[in-house]
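Participant: I have a structure here, written as structure tokens, and I will follow up with some questions on it.
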Amino acid sequence: MKLNGTSSSLKDSDLIDIIGDEHVMSSVATPLRDDAFAKSDEEKIAEIAFHFERIMDTLGLDLTDDSLRGTPRRVAKMYIQEIFSGLNPENKPQVALFDNKYRYKEMLVEKNITVLSHCEHHFVPIVGVAHVAYISNGKVIGLSKINRIVQHFAKRPQVQERLTVQIAEELKTLLETDDIAVVVDARHMCVSMRGVSDHASSTVTSSYHGVFQNEEKRKEFLTYIG
């Protein structure tokens with residue numbers, strides 16, 4: 001197997017490290033097992049707390065300390081109820097569409113939507129913004145719902161390219177239009193905290209569909225988001 005010119009003679013462990021360091025995306029869909037939701041949230045919290053306690057113990061931390069003894073369960077609840085809650089389809093935001101009674105035919109742009117996600121390769125934060133545009137095909141969506149859709153797909157272990165595509169595809173489905181544009185600009189803590197330790201760089205990804213594949217319309221969108 002080759003990856004970005006690497007030799008097929010690499011050991012599996014070396015290849016796994018390269019995939020993680022190069023932030024390679026395996027699929028557009030978030031990789032989930034068929035039984036991903038067989039356990040209740042409380043069961044998952046209990047299991048994660050148990051295993052995280054083992055991690056802390058392995059690190060040599062004193063789990064009898066008042067500051068640390070509640071950490072395993074706090075982390076577990078945070079994972080399930082907050083930062084990875086987007087894994088569960090039951091948490092997908094309920095979206096109501098409205099008729100475009102004003103017959104607004106130009107693009108609508110929602111920019112600088114906060115993106116708080118986690119890199120699936122190292123489980124450290126991805127922090128940035130998303131810019132979203134669409135042109136109505138007869139239906140419109142509440143502005144806050146665009147933010148909620150972005151946040152839903154961000155709240156899971158992610159790769160930025162996948163996140164960008166998932167937002168675009170969800171909006172295409174909901175709004176029944178191909179005229180969707182999504183740009184995500186984010187900093188990856190796995191780049192700034194480890195490895196190359198670059199604190200200044202950010203990554204920009206885009207997904208253009210319908211009329212946004214036209215250069216002039218794309219330029220107009222990019223002008224709006226600065």
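The chains in the structure tokens are called A, B, ... from first to last as shown; in each chain the residues are counted from 1, and the ligands are counted from 1 in the order shown.
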When DSSP is applied to the backbone of this structure, which of chain A are assigned helix (DSSP H, G or I)? Write them out as a PyMOL selection string.

Facilitator: chain A and resi 12-21+41-58+71-83+85-87+89-91+143-154+160-175+189-192+210-213+215-225

Participant: Pick from A:Leu59, A:Ile225, A:Ala29, A:Ile135: nearest to Val159 (chain A), with only C-alpha atoms counted?

Facilitator: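 Checking each of A:Leu59, A:Ile225, A:Ala29, A:Ile135 against Val159 (chain A), counting only C-alpha atoms, the winner is A:Ala29.
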
Participant: For a quick check of understanding, using only C-alpha atoms, which of A:Arg156, A:Arg187, A:Lys172, A:Arg74 has the smallest distance to Gly128 (chain A)?

Facilitator: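 Closest candidate: A:Arg187.
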
Participant: Near Asn100 (chain A), within 7 Å and counting only C-alpha atoms, which residues show up once chain neighbours fewer than 2 positions away are dropped, as a list in words?

Facilitator: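 The contact residues come out as Phe98, Tyr102, Arg103, Tyr104, Gly138, Lys139 and Val140 of chain A.
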
Participant: Mind writing the picked residues with C-alpha atoms as a PDB file, in the first residue's frame?

Facilitator:
ATOM      1  CA  PHE A  98     -40.630  28.154   5.778  1.00  0.00           C
ATOM      2  CA  TYR A 102     -40.528  37.385   0.054  1.00  0.00           C
ATOM      3  CA  ARG A 103     -39.322  35.603  -3.100  1.00  0.00           C
ATOM      4  CA  TYR A 104     -35.739  36.401  -2.106  1.00  0.00           C
ATOM      5  CA  GLY A 138     -38.662  27.988  -2.503  1.00  0.00           C
ATOM      6  CA  LYS A 139     -37.891  27.217   1.143  1.00  0.00           C
ATOM      7  CA  VAL A 140     -35.861  29.048   3.796  1.00  0.00           C
TER       8      VAL A 140
END

Participant: Point out the residue among A:Thr173, A:Ser117, A:Asn112, A:Asn147 with the least atom-to-atom distance to His188 (chain A), counting only C-alpha atoms.

Facilitator: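 Nearest candidate to His188 (chain A) out of A:Thr173, A:Ser117, A:Asn112, A:Asn147: A:Ser117.
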
Participant: How many Å separate CA of Arg73 (chain A) from CA of Gln160 (chain A)?

Facilitator: 28.4 Å

Participant: Would you please work out which residue, of A:Met107, A:Ile146, A:Ala168, A:Cys190, is nearest to Cys119 (chain A) when using only C-alpha atoms?

Facilitator: A:Cys190

Participant: Residues of region 31-124 of chain A that approach region 177-186 of chain A to 12 Å or less, counting only C-alpha atoms: could you list each one with the shortest pair of atoms and its distance in Å to one decimal, rows by chain and increasing residue number, as a Markdown table?

Facilitator:
| residue | atom | partner | partner_atom | distance |
| --- | --- | --- | --- | --- |
| A:Lys105 | CA | A:Asp179 | CA | 11.3 |
| A:Glu106 | CA | A:Asp179 | CA | 10.7 |
| A:Met107 | CA | A:Asp179 | CA | 8.8 |
| A:Leu108 | CA | A:Ile180 | CA | 9.8 |
| A:Val109 | CA | A:Ala181 | CA | 9.0 |
| A:Glu110 | CA | A:Val182 | CA | 9.8 |
| A:Lys111 | CA | A:Val183 | CA | 9.1 |
| A:Asn112 | CA | A:Val184 | CA | 9.1 |
| A:Ile113 | CA | A:Val184 | CA | 9.1 |
| A:Thr114 | CA | A:Ala186 | CA | 9.6 |
| A:Val115 | CA | A:Ala186 | CA | 7.6 |
| A:Leu116 | CA | A:Ala186 | CA | 9.0 |
| A:Ser117 | CA | A:Ala186 | CA | 9.6 |
| A:His118 | CA | A:Ala186 | CA | 11.1 |
| A:Cys119 | CA | A:Ala186 | CA | 11.3 |

Participant: Can you spit out the residues from that selection as a JSON list (two decimals), in the first residue's frame, using C-alpha atoms?

Facilitator:
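Final file, selection.json:
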[["chain", "number", "residue", "atom", "x", "y", "z"],
["A", 105, "LYS", "CA", -33.65, 34.96, -4.94],
["A", 106, "GLU", "CA", -30.14, 36.05, -3.93],
["A", 107, "MET", "CA", -27.70, 34.17, -1.76],
["A", 108, "LEU", "CA", -28.11, 34.18, 1.99],
["A", 109, "VAL", "CA", -24.83, 34.04, 3.89],
["A", 110, "GLU", "CA", -24.33, 33.09, 7.53],
["A", 111, "LYS", "CA", -20.68, 33.69, 8.37],
["A", 112, "ASN", "CA", -18.33, 33.28, 11.33],
["A", 113, "ILE", "CA", -20.28, 30.38, 12.84],
["A", 114, "THR", "CA", -18.23, 29.00, 15.72],
["A", 115, "VAL", "CA", -16.70, 25.58, 15.10],
["A", 116, "LEU", "CA", -15.59, 23.61, 18.15],
["A", 117, "SER", "CA", -14.68, 20.07, 17.22],
["A", 118, "HIS", "CA", -12.08, 17.39, 17.99],
["A", 119, "CYS", "CA", -9.54, 15.77, 15.70]]

Participant: Could you give me, as JSON lines, every region 130-204 of chain A residue with an atom at most 9 Å from region 75-94 of chain A, plus its closest atom pair and distance in Å to one decimal, counting only C-alpha atoms, rows ordered by chain then number?

Facilitator:
{"residue": "A:Lys145", "atom": "CA", "partner": "A:Pro93", "partner_atom": "CA", "distance": 7.5}
{"residue": "A:Arg148", "atom": "CA", "partner": "A:Pro93", "partner_atom": "CA", "distance": 6.5}
{"residue": "A:Ile149", "atom": "CA", "partner": "A:Pro93", "partner_atom": "CA", "distance": 6.6}
{"residue": "A:Gln151", "atom": "CA", "partner": "A:Gly86", "partner_atom": "CA", "distance": 7.9}
{"residue": "A:His152", "atom": "CA", "partner": "A:Gly86", "partner_atom": "CA", "distance": 4.8}
{"residue": "A:Phe153", "atom": "CA", "partner": "A:Gly86", "partner_atom": "CA", "distance": 5.7}
{"residue": "A:Ala154", "atom": "CA", "partner": "A:Gly86", "partner_atom": "CA", "distance": 7.0}
{"residue": "A:Lys155", "atom": "CA", "partner": "A:Gly86", "partner_atom": "CA", "distance": 4.5}
{"residue": "A:Arg156", "atom": "CA", "partner": "A:Phe84", "partner_atom": "CA", "distance": 4.3}
{"residue": "A:Pro157", "atom": "CA", "partner": "A:Phe84", "partner_atom": "CA", "distance": 6.9}

Participant: Would you mind exporting the chosen residues as a PDB file, in the first residue's frame, restricted to C-alpha atoms?

Facilitator:
ATOM      1  CA  LYS A 145     -30.717  26.385  12.661  1.00  0.00           C
ATOM      2  CA  ARG A 148     -27.072  24.258  15.092  1.00  0.00           C
ATOM      3  CA  ILE A 149     -26.415  22.071  12.037  1.00  0.00           C
ATOM      4  CA  GLN A 151     -22.443  22.491  15.707  1.00  0.00           C
ATOM      5  CA  HIS A 152     -24.124  19.084  15.445  1.00  0.00           C
ATOM      6  CA  PHE A 153     -21.615  17.771  12.922  1.00  0.00           C
ATOM      7  CA  ALA A 154     -18.725  19.438  14.765  1.00  0.00           C
ATOM      8  CA  LYS A 155     -19.620  17.629  18.007  1.00  0.00           C
ATOM      9  CA  ARG A 156     -17.973  14.363  17.060  1.00  0.00           C
ATOM     10  CA  PRO A 157     -14.434  13.176  16.391  1.00  0.00           C
TER      11      PRO A 157
END

Participant: Can you measure CA of Val211 (chain A) to CA of Ala96 (chain A) for me? One decimal in Å is fine.

Facilitator: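 CA of Val211 (chain A) sits 24.1 Å away from CA of Ala96 (chain A).
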
Participant: Which one of A:Leu68, A:Ile48, A:Ile141, A:Ala133 sits closest to Leu174 (chain A) if you count only C-alpha atoms?

Facilitator: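 Closest to Leu174 (chain A), using only C-alpha atoms: A:Ile141.
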
Participant: Restricting the calculation to only C-alpha atoms, which member of A:Asp198, A:Lys217, A:Ser136, A:Glu47 is positioned closest to Pro72 (chain A)?

Facilitator: A:Glu47

Participant: Just the number, please: distance in Å from CA of Tyr134 (chain A) to CA of Thr30 (chain A), one decimal.

Facilitator: 24.0 Å
